[in-house]
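Undergrad: I'd like to ask you about the structure that follows.
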Amino acid sequence: MSCARITVAPHAGADRWKLANLLLGAVTGVTLMQRSVPTLHGCAVEVDGSAVVMCGPSGAGKSTLAMLLHRRGCRILDDNIVPLRRTPAGWEALPGSGFLRLTKETMTLVRQSVGGPAFASPSVLKHVHVLDDDARLASPLRLGRVLWIGPVPTC
Amino acid sequence: MSPVEAVAAVERQWFFGQAARGLGLREMQFRVALDLASGLQVMHLGHPPSLGSEAWTDAVLAALRALPPHV
């Protein structure tokens, strides 16, 4: 399977944001993997010039932490899907879709209006928060850290 | 396999495991990957005390800035 093409045939009346969430989430992740692009499930922000990737189970607070770090001056690189590439200088995180998917509770917490399109992620209803140009980083960034949020896996 | 590749290999299993709901397997594999990935500077944060904890976020950011940049 080369994943040279993705064909989408949505039902009439299908919610385009739910479709976008699926395509920009698991479908993109699988496609990148098929194309031999190492990809992490998480969020990435810029901290002091390098990329910090937050990984963890759904609902752990990855996007929430990304938003809170953004409020402290960190630009956002990715939400949900973090493609990586190796360069002679090391690993880089590549920029993503330009929006965050946040719960109503998080949007209220950070005083964002809850009006964006909503869709159900695997564990919770989330709203799309489109990032301003100055809030996001649109170019690759050297990978600095990987954070794991949530319990230590015990199985 | 480098540490980054080790973690990415596990994440690859997660993406494909989504369809099979293989989340238990994914957690087990991630634990193995964390062991392999010590050179990746994986920081284990645990649970935030509450969703959106400002103090916890400040502590995370301070910890990140206290460490030298490294992969």
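To be explicit about the labels: the chains of the structure tokens are called A, B, and onward in the order shown, and within each one the residues are counted from 1, while ligands get numbers from 1 in the order they are shown.
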I want to know what sits within 8 Å of stretch 49-61 of chain B, based on only C-alpha atoms, with residues of the same chain fewer than 2 positions away left out; could you give that as a ChimeraX atom specification?
TA: /A:61,64-65,68-69,106,109 /B:45,47,63-65
Undergrad: Within 7 Å of chain B, which residues of chain A show up when using only C-alpha atoms, listed as a PDB file with C-alpha atoms, in the first residue's frame?
TA:
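Okay, iface26.pdb is ready:
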```pdb
ATOM      1  CA  ALA A  26      -5.723   9.144  12.309  1.00  0.00           C
ATOM      2  CA  GLY A  29      -1.012   9.680  10.911  1.00  0.00           C
ATOM      3  CA  VAL A  30      -1.377   6.398   9.087  1.00  0.00           C
ATOM      4  CA  MET A  33       3.619   6.287   8.561  1.00  0.00           C
ATOM      5  CA  PRO A  38       7.945   9.004  11.886  1.00  0.00           C
ATOM      6  CA  THR A  39       4.876  10.518  13.514  1.00  0.00           C
ATOM      7  CA  LEU A  40       3.904  11.040  17.145  1.00  0.00           C
ATOM      8  CA  HIS A  41       0.404  11.355  18.548  1.00  0.00           C
ATOM      9  CA  GLY A  61      -4.505  17.231  28.705  1.00  0.00           C
ATOM     10  CA  THR A  64      -4.811  21.990  27.223  1.00  0.00           C
ATOM     11  CA  LEU A  65      -1.148  22.152  28.217  1.00  0.00           C
ATOM     12  CA  LEU A  68      -1.575  27.121  28.523  1.00  0.00           C
ATOM     13  CA  THR A 106     -10.363  24.424  28.442  1.00  0.00           C
ATOM     14  CA  LEU A 143      13.071  18.552  18.432  1.00  0.00           C
ATOM     15  CA  GLY A 144      14.088  19.249  22.000  1.00  0.00           C
ATOM     16  CA  ARG A 145      11.925  17.241  24.393  1.00  0.00           C
ATOM     17  CA  VAL A 146       9.186  14.672  24.564  1.00  0.00           C
ATOM     18  CA  LEU A 147       6.822  14.916  27.534  1.00  0.00           C
ATOM     19  CA  TRP A 148       4.572  12.097  28.669  1.00  0.00           C
ATOM     20  CA  ILE A 149       1.388  13.188  30.420  1.00  0.00           C
ATOM     21  CA  GLY A 150      -0.661  10.721  32.396  1.00  0.00           C
ATOM     22  CA  PRO A 151      -0.066   7.522  34.307  1.00  0.00           C
ATOM     23  CA  PRO A 153       1.772   2.467  31.721  1.00  0.00           C
ATOM     24  CA  CYS A 155       0.527  -3.369  31.681  1.00  0.00           C
TER      25      CYS A 155
END
```
